[in-house]
Amino acid sequence: MTNHDSNIMNDRNNEYSLNEFLRAIHRFTDVRQVRKNIFDIYSEGLYVFNELPGTIKSALFTIMDELPDFELKLTKPENIENEIISYYDKLLNSGHIGISLNSATVINVSLKNIDNSQGSVLIIPLKKSRGINGIILVFHSNESDDLAQYLIRLCNVFSNLLGSSIENYHILNQLEQSKAILEQRIATRTIDLAQSRRELKAVFDSVLTGVLVFDVSINKIVRVNPSACKLIGLQDSEIVGRSVFEFLSFVDYTKIVESNGTTENKYYDSELLDASGKKVEVLRNTIKIRLSNRTLITESFVDISKIRAAERALTETNHILESKVEERTGDLHSIVKKLKQEIIEREKVESELRKMYNQQKELGDMKTRFVSMVSHEFRTPLTLIKSSAQMVSRFESKLSESDKSFYLERIVRSVDNLTDLIENVIFFGRNESGKIEMKISEFDIKNMLFLIAGDFKSGRNVNRNFIISCNTVSSNIKADKSLIHLILTNLISNAVKYSEEDTEIEINIILETNRLTVSIKDYGIGIPETEKPRIFDLFYRAGNVDSVGGTGLGLTVVKDTLDKLGGTIDIHSATGEGTIIRVRIPISYNNPEII
C-alpha cells in the first residue's frame, strides 16, 4: 500500500470518528431524551467525549458540595479509577488543571510532559452560569499538535452544554423539592383553615345571643345563628339575603365610629320584629367591622321582654307599697327609721367583722408561712450547731486546736445566721410598732463589708471569691450602723444563695460627701422580668429559685430599711445572667480622698 493510499484511509477513519462524535452530540441534545437521574447525564455526557477521534479513555469529575475539590464520578471504561486519579493528581501538581479552570477553556496536554507516555489528554472544564461545576479528562492517541482546533472548540461548546445540563438538573431537583415542601405547607394550611372555619362556625352557632351579620356593600344579611332564627321565628335561609331593618329598628350605620378596625361594645334597648309581626324588647349591640374592602355590621341581641315586664311589675308593686307606707302612722315611720338605722349599724358591724376576718385570715396565712419558713430556715444552722457541738464534745481529746477552732467558728457563724434571721423578724415587729430609732455612729464601711463577706465563706462557699473595691482610701462614715449592716447582710446573702460557689461576688463602694453607694453584682440565676414588680412583697419568692432555701424576707427588709434611712434601691437583672443591686443611702463623710 502506498503512502497516498494510507493517508486516504486515515482521512476516512477520522471522518468516520468525527461523524460518530457529532452523532453522539446530536443524541445528547435530542429533546426526546428522558433522563431519570443525574447519573444518566454524567454517563451520556462522558459517552459523547468518548466518541472523540482517537479517544482511549475518559473520566468525569464534579465539584464537591462542601469542599473546593473535585470528586471522580464516572470513567469509561469502568474500573480504572485508580489510574485516573493518579493522572488527575499529576495534572493538578503540574498546574495544567489550574490553567484550564482559570481560563475556563479546553487545553490539550501531551503525556510526554507528564510521565513520558504516548498520546495526550484533553482537560475540559464544565461551565455553569457562574463558575465551574466539573472537569472531564479525555485521553487520546493524538499528539498535542495533531488535534484539530475545531475539535477543541467543539469540545468547548459541548462542555458548556453539559455543564449547563448538570446545573439545570440540580436547579430543577431543588425546585421539585421546594415545590413538594410548598405543596405540603399549602395542604397543611388548608386543613388548618378548614378546621378553624369549622370551629368558628361551631362557636358562632352555639352562642345563646342572637347574631345577624349584615354586609353594607350589598345591603343584605349574610350570616345568622340559630339563636337569632329562634327569636325571629324563621329559618336561616328565610333570613339571609334580607335587610337587617326588616327585623330590627333602624340605625344609621354611617355614624358608627370605628376604633382599631372595630367599634366599642355598647348595649342599648331596641325592638325586634319577629315573623308573626310581634315586637320583642331586646338588648342590642351594634358593631362595625372592616375586613379588607368589606364593611360588616354585627348585630347581636337578647330577649329582655320578660325582664322588662318583671321590672314594670316591680315598679308598680313599689308604687303600691309606697302608697301604703304613706298611709301608715307616724309610729310606723319611726319604726321604719329605726329599722333603717339598725340595718346601717348591722352593715357597719358586718363590714368590721369582714375586715377582722380578712385580717385574721391574712394573719393565719402569715403565721403558716412563718412557721414553714422557721422550720426550714432554722433547721440548717441548728443542725450545724448541734453537729459541731457533738464533734467537740465527743472528740475533744482527739481534735487539734485548729479543728476545734473550725467547729467553734461553724457554731458562731450558724448563730450569726440565726441572729440575722431573727433580726429580720424583729425589724418587722419594731417597724410596725414604730419603735425603730436612728442611732448615728462612725464606722468603717469597707471593714464592715469584709467582715460580712467573711461570714459567708463557709461550707460550699469557703472558696468563693469576694471582690471588694472602694473609690477612697478612708472609708469611715457616719450613719446608723445596725440598719446599714442589716441591708448589706441581706443583699450579700441573696447574692451568695442564688449563684454557684465557683462564681465571684463583686462589691463596689462609692463614697461621696453626703451619700453612700454600694453595688453588689453576682453571676447567678437572675430575676425573671415578669416577677420584678413583686420581689419586695413579704414572703414572696421568684418562681426560678427551685429548691434553694429562703424566707422571702430579705428584700422586704432591705426596702423598708432604706425607706427609714431615706435611701433608694435599683435592681438590674435577667434570667440566667446574674443580678446587679445598687443601694444609695444618705450619710456624713468628711474625708473624700478619691482614688
# chains A, B, ... in the order shown; residues from 1 in each chain; ligands from 1
>>> select_by_dssp(residues="region 465-571 of chain A", states="helix (DSSP H, G or I)", output="ChimeraX atom specification")
/A:481-497,529-534,554-565
>>> write_last_selection(atoms="N, CA and C atoms", output="mmCIF file, in the first residue's frame")
data_model
loop_
_atom_site.group_PDB
_atom_site.id
_atom_site.type_symbol
_atom_site.label_atom_id
_atom_site.label_comp_id
_atom_site.auth_asym_id
_atom_site.auth_seq_id
_atom_site.Cartn_x
_atom_site.Cartn_y
_atom_site.Cartn_z
ATOM 1 N N LYS A 481 -25.333 52.321 111.924
ATOM 2 C CA LYS A 481 -24.522 51.138 111.613
ATOM 3 C C LYS A 481 -25.372 49.871 111.546
ATOM 4 N N SER A 482 -26.283 49.696 112.512
ATOM 5 C CA SER A 482 -27.055 48.444 112.575
ATOM 6 C C SER A 482 -27.981 48.308 111.369
ATOM 7 N N LEU A 483 -28.617 49.413 110.945
ATOM 8 C CA LEU A 483 -29.532 49.327 109.806
ATOM 9 C C LEU A 483 -28.766 49.083 108.509
ATOM 10 N N ILE A 484 -27.623 49.745 108.334
ATOM 11 C CA ILE A 484 -26.823 49.513 107.125
ATOM 12 C C ILE A 484 -26.287 48.082 107.117
ATOM 13 N N HIS A 485 -25.881 47.584 108.290
ATOM 14 C CA HIS A 485 -25.427 46.184 108.384
ATOM 15 C C HIS A 485 -26.554 45.232 107.985
ATOM 16 N N LEU A 486 -27.782 45.545 108.430
ATOM 17 C CA LEU A 486 -28.931 44.705 108.096
ATOM 18 C C LEU A 486 -29.159 44.692 106.578
ATOM 19 N N ILE A 487 -29.044 45.839 105.929
ATOM 20 C CA ILE A 487 -29.250 45.933 104.478
ATOM 21 C C ILE A 487 -28.198 45.114 103.738
ATOM 22 N N LEU A 488 -26.917 45.360 104.050
ATOM 23 C CA LEU A 488 -25.838 44.708 103.309
ATOM 24 C C LEU A 488 -25.808 43.205 103.544
ATOM 25 N N THR A 489 -26.112 42.781 104.779
ATOM 26 C CA THR A 489 -26.139 41.342 105.079
ATOM 27 C C THR A 489 -27.182 40.630 104.211
ATOM 28 N N ASN A 490 -28.373 41.207 104.121
ATOM 29 C CA ASN A 490 -29.428 40.584 103.322
ATOM 30 C C ASN A 490 -29.070 40.544 101.835
ATOM 31 N N LEU A 491 -28.479 41.631 101.306
ATOM 32 C CA LEU A 491 -28.154 41.671 99.883
ATOM 33 C C LEU A 491 -27.043 40.687 99.542
ATOM 34 N N ILE A 492 -25.993 40.622 100.376
ATOM 35 C CA ILE A 492 -24.898 39.681 100.111
ATOM 36 C C ILE A 492 -25.379 38.243 100.285
ATOM 37 N N SER A 493 -26.267 38.021 101.259
ATOM 38 C CA SER A 493 -26.831 36.683 101.458
ATOM 39 C C SER A 493 -27.560 36.215 100.206
ATOM 40 N N ASN A 494 -28.358 37.098 99.581
ATOM 41 C CA ASN A 494 -29.063 36.730 98.351
ATOM 42 C C ASN A 494 -28.086 36.445 97.216
ATOM 43 N N ALA A 495 -27.037 37.296 97.094
ATOM 44 C CA ALA A 495 -26.059 37.093 96.024
ATOM 45 C C ALA A 495 -25.369 35.734 96.166
ATOM 46 N N VAL A 496 -25.025 35.357 97.396
ATOM 47 C CA VAL A 496 -24.373 34.067 97.647
ATOM 48 C C VAL A 496 -25.341 32.910 97.413
ATOM 49 N N LYS A 497 -26.557 33.075 97.898
ATOM 50 C CA LYS A 497 -27.531 31.985 97.874
ATOM 51 C C LYS A 497 -27.935 31.607 96.450
ATOM 52 N N GLU A 529 -38.198 38.785 84.425
ATOM 53 C CA GLU A 529 -38.712 40.146 84.195
ATOM 54 C C GLU A 529 -40.138 40.288 84.719
ATOM 55 N N THR A 530 -40.959 39.244 84.551
ATOM 56 C CA THR A 530 -42.365 39.339 84.943
ATOM 57 C C THR A 530 -42.549 39.364 86.462
ATOM 58 N N GLU A 531 -41.532 38.955 87.227
ATOM 59 C CA GLU A 531 -41.676 38.853 88.675
ATOM 60 C C GLU A 531 -41.011 40.011 89.419
ATOM 61 N N LYS A 532 -40.345 40.918 88.697
ATOM 62 C CA LYS A 532 -39.664 42.025 89.355
ATOM 63 C C LYS A 532 -40.600 42.932 90.153
ATOM 64 N N PRO A 533 -41.848 43.211 89.680
ATOM 65 C CA PRO A 533 -42.720 44.100 90.460
ATOM 66 C C PRO A 533 -43.068 43.554 91.850
ATOM 67 N N ARG A 534 -42.895 42.244 92.105
ATOM 68 C CA ARG A 534 -43.338 41.667 93.369
ATOM 69 C C ARG A 534 -42.195 41.248 94.295
ATOM 70 N N GLY A 554 -35.829 38.912 102.918
ATOM 71 C CA GLY A 554 -34.641 39.738 102.746
ATOM 72 C C GLY A 554 -34.889 41.052 102.041
ATOM 73 N N LEU A 555 -35.432 41.011 100.814
ATOM 74 C CA LEU A 555 -35.613 42.244 100.051
ATOM 75 C C LEU A 555 -36.688 43.139 100.657
ATOM 76 N N THR A 556 -37.671 42.534 101.335
ATOM 77 C CA THR A 556 -38.679 43.358 102.022
ATOM 78 C C THR A 556 -38.024 44.139 103.155
ATOM 79 N N VAL A 557 -37.137 43.470 103.909
ATOM 80 C CA VAL A 557 -36.407 44.152 104.985
ATOM 81 C C VAL A 557 -35.534 45.261 104.409
ATOM 82 N N VAL A 558 -34.836 44.951 103.299
ATOM 83 C CA VAL A 558 -33.961 45.951 102.674
ATOM 84 C C VAL A 558 -34.767 47.173 102.249
ATOM 85 N N LYS A 559 -35.910 46.963 101.600
ATOM 86 C CA LYS A 559 -36.715 48.092 101.106
ATOM 87 C C LYS A 559 -37.237 48.926 102.267
ATOM 88 N N ASP A 560 -37.781 48.275 103.308
ATOM 89 C CA ASP A 560 -38.318 49.025 104.449
ATOM 90 C C ASP A 560 -37.212 49.769 105.183
ATOM 91 N N THR A 561 -36.035 49.138 105.296
ATOM 92 C CA THR A 561 -34.915 49.796 105.986
ATOM 93 C C THR A 561 -34.443 51.017 105.206
ATOM 94 N N LEU A 562 -34.352 50.872 103.871
ATOM 95 C CA LEU A 562 -33.955 52.015 103.045
ATOM 96 C C LEU A 562 -34.968 53.151 103.136
ATOM 97 N N ASP A 563 -36.245 52.798 103.229
ATOM 98 C CA ASP A 563 -37.264 53.844 103.405
ATOM 99 C C ASP A 563 -37.037 54.599 104.707
ATOM 100 N N LYS A 564 -36.644 53.878 105.759
ATOM 101 C CA LYS A 564 -36.369 54.531 107.041
ATOM 102 C C LYS A 564 -35.168 55.472 106.925
ATOM 103 N N LEU A 565 -34.164 55.041 106.144
ATOM 104 C CA LEU A 565 -32.942 55.832 106.021
ATOM 105 C C LEU A 565 -33.037 56.896 104.933
#
>>> residues_around(residues="Leu60 (chain A)", least_positions_apart="4", cutoff="7 Å", atoms="only C-alpha atoms", output="list in words")
Leu46, Leu72, Lys73, Leu74, Thr75, Ile135, Ile136 and Leu137 of chain A
>>> write_last_selection(atoms="N, CA and C atoms", output="PDB file, in the first residue's frame")
ATOM      1  N   LEU A  46     -20.322  11.859  29.190  1.00  0.00           N
ATOM      2  CA  LEU A  46     -18.998  11.265  29.051  1.00  0.00           C
ATOM      3  C   LEU A  46     -18.933  10.385  27.792  1.00  0.00           C
ATOM      4  N   LEU A  72     -14.303  12.234  41.641  1.00  0.00           N
ATOM      5  CA  LEU A  72     -14.464  11.376  40.464  1.00  0.00           C
ATOM      6  C   LEU A  72     -15.849  10.729  40.497  1.00  0.00           C
ATOM      7  N   LYS A  73     -16.628  10.924  39.409  1.00  0.00           N
ATOM      8  CA  LYS A  73     -17.975  10.382  39.340  1.00  0.00           C
ATOM      9  C   LYS A  73     -18.092   9.180  38.401  1.00  0.00           C
ATOM     10  N   LEU A  74     -17.323   9.207  37.243  1.00  0.00           N
ATOM     11  CA  LEU A  74     -17.544   8.172  36.228  1.00  0.00           C
ATOM     12  C   LEU A  74     -16.299   8.045  35.360  1.00  0.00           C
ATOM     13  N   THR A  75     -16.002   6.807  34.916  1.00  0.00           N
ATOM     14  CA  THR A  75     -14.894   6.572  33.977  1.00  0.00           C
ATOM     15  C   THR A  75     -15.387   5.671  32.849  1.00  0.00           C
ATOM     16  N   ILE A 135     -14.968  18.906  35.668  1.00  0.00           N
ATOM     17  CA  ILE A 135     -13.992  18.791  34.577  1.00  0.00           C
ATOM     18  C   ILE A 135     -14.080  17.385  33.989  1.00  0.00           C
ATOM     19  N   ILE A 136     -13.652  17.283  32.722  1.00  0.00           N
ATOM     20  CA  ILE A 136     -13.590  15.983  32.035  1.00  0.00           C
ATOM     21  C   ILE A 136     -12.174  15.806  31.503  1.00  0.00           C
ATOM     22  N   LEU A 137     -11.616  14.633  31.721  1.00  0.00           N
ATOM     23  CA  LEU A 137     -10.315  14.269  31.180  1.00  0.00           C
ATOM     24  C   LEU A 137     -10.528  13.248  30.063  1.00  0.00           C
TER      25      LEU A 137
END
>>> residues_around(residues="region 38-43 of chain A", least_positions_apart="2", cutoff="9 Å", atoms="only C-alpha atoms", output="list in words")
Phe28, Arg35, Lys36, Gly45, Leu46, Tyr47, Val48, Leu60, Lys73, Leu74, Thr75, Lys76, Leu162, Ser165, Ile166, Tyr169 and His170 of chain A
>>> write_last_selection(atoms="C-alpha atoms", output="compact mmCIF listing (two decimals), in the first residue's frame")
# COMPACT_ATOMS: atom_id res chain seq x y z
CA PHE A 28 -27.38 14.06 23.78
CA ARG A 35 -33.05 11.23 31.96
CA LYS A 36 -34.24 9.93 35.29
CA GLY A 45 -22.13 13.35 28.51
CA LEU A 46 -19.00 11.26 29.05
CA TYR A 47 -20.12 8.95 26.21
CA VAL A 48 -20.07 11.94 23.83
CA LEU A 60 -15.78 12.93 34.64
CA LYS A 73 -17.97 10.38 39.34
CA LEU A 74 -17.54 8.17 36.23
CA THR A 75 -14.89 6.57 33.98
CA LYS A 76 -15.01 4.93 30.56
CA LEU A 162 -23.05 19.55 29.57
CA SER A 165 -27.37 20.46 31.82
CA ILE A 166 -25.85 19.39 35.15
CA TYR A 169 -30.76 19.24 36.71
CA HIS A 170 -29.71 20.40 40.20
>>> atom_distance(atom1="CA of Thr62 (chain A)", atom2="CA of Ser159 (chain A)")
12.7 Å
>>> atom_distance(atom1="CA of Val257 (chain A)", atom2="CA of Thr209 (chain A)")
23.4 Å
>>> residues_around(residues="Ile297 (chain A)", least_positions_apart="2", cutoff="6 Å", atoms="only C-alpha atoms", output="PyMOL selection string")
chain A and resi 213-214+287-288
>>> residues_around(residues="Glu238 (chain A)", least_positions_apart="6", cutoff="12 Å", atoms="only C-alpha atoms", output="list in words")
Ile221, Val222, Arg223, Val224, Ala228, Cys229, Ile232, Glu246 and Ala275 of chain A
>>> select_by_dssp(residues="region 144-240 of chain A", states="strand (DSSP E or B)", output="number ranges by chain")
A: 210-215, 220-224
>>> write_last_selection(atoms="C-alpha atoms", output="PDB file, in the first residue's frame")
ATOM      1  CA  GLY A 210     -78.955  36.181  68.535  1.00  0.00           C
ATOM      2  CA  VAL A 211     -76.471  37.343  65.899  1.00  0.00           C
ATOM      3  CA  LEU A 212     -77.082  38.842  62.423  1.00  0.00           C
ATOM      4  CA  VAL A 213     -74.110  39.663  60.146  1.00  0.00           C
ATOM      5  CA  PHE A 214     -75.002  42.421  57.642  1.00  0.00           C
ATOM      6  CA  ASP A 215     -72.815  43.262  54.605  1.00  0.00           C
ATOM      7  CA  LYS A 220     -78.031  42.189  52.861  1.00  0.00           C
ATOM      8  CA  ILE A 221     -77.777  39.792  55.785  1.00  0.00           C
ATOM      9  CA  VAL A 222     -75.050  37.217  55.036  1.00  0.00           C
ATOM     10  CA  ARG A 223     -74.946  35.160  58.264  1.00  0.00           C
ATOM     11  CA  VAL A 224     -77.400  34.304  61.018  1.00  0.00           C
TER      12      VAL A 224
END
>>> closest_residue(among="A:Gly134, A:Leu449, A:Asn102, A:Phe21", to="Asp69 (chain A)", atoms="only C-alpha atoms")
A:Gly134
>>> residues_around(residues="Tyr267 (chain A)", least_positions_apart="3", cutoff="8 Å", atoms="only C-alpha atoms", output="PyMOL selection string")
chain A and resi 283-286
>>> write_last_selection(atoms="N, CA and C atoms", output="mmCIF file, in the first residue's frame")
data_model
loop_
_atom_site.group_PDB
_atom_site.id
_atom_site.type_symbol
_atom_site.label_atom_id
_atom_site.label_comp_id
_atom_site.auth_asym_id
_atom_site.auth_seq_id
_atom_site.Cartn_x
_atom_site.Cartn_y
_atom_site.Cartn_z
ATOM 1 N N LEU A 283 -82.089 43.608 74.164
ATOM 2 C CA LEU A 283 -80.888 44.384 74.483
ATOM 3 C C LEU A 283 -79.936 44.161 73.316
ATOM 4 N N ARG A 284 -79.566 45.260 72.652
ATOM 5 C CA ARG A 284 -78.930 45.172 71.337
ATOM 6 C C ARG A 284 -77.518 45.760 71.380
ATOM 7 N N ASN A 285 -76.637 45.162 70.566
ATOM 8 C CA ASN A 285 -75.271 45.671 70.421
ATOM 9 C C ASN A 285 -74.923 45.695 68.927
ATOM 10 N N THR A 286 -74.471 46.853 68.438
ATOM 11 C CA THR A 286 -74.144 47.016 67.018
ATOM 12 C C THR A 286 -72.654 47.297 66.887
#
>>> closest_residue(among="A:Ser351, A:Ile320, A:Tyr523, A:Thr503", to="Val462 (chain A)", atoms="only C-alpha atoms")
A:Thr503
>>> closest_residue(among="A:Asn508, A:Asn108, A:Thr568, A:Ser94", to="Leu151 (chain A)", atoms="only C-alpha atoms")
A:Asn108
>>> closest_residue(among="A:Gly131, A:Gly163, A:Gly119, A:Pro586", to="Arg515 (chain A)", atoms="only C-alpha atoms")
A:Pro586
>>> closest_residue(among="A:Glu500, A:Asp480, A:Asp537, A:Glu327", to="Ile585 (chain A)", atoms="only C-alpha atoms")
A:Asp480
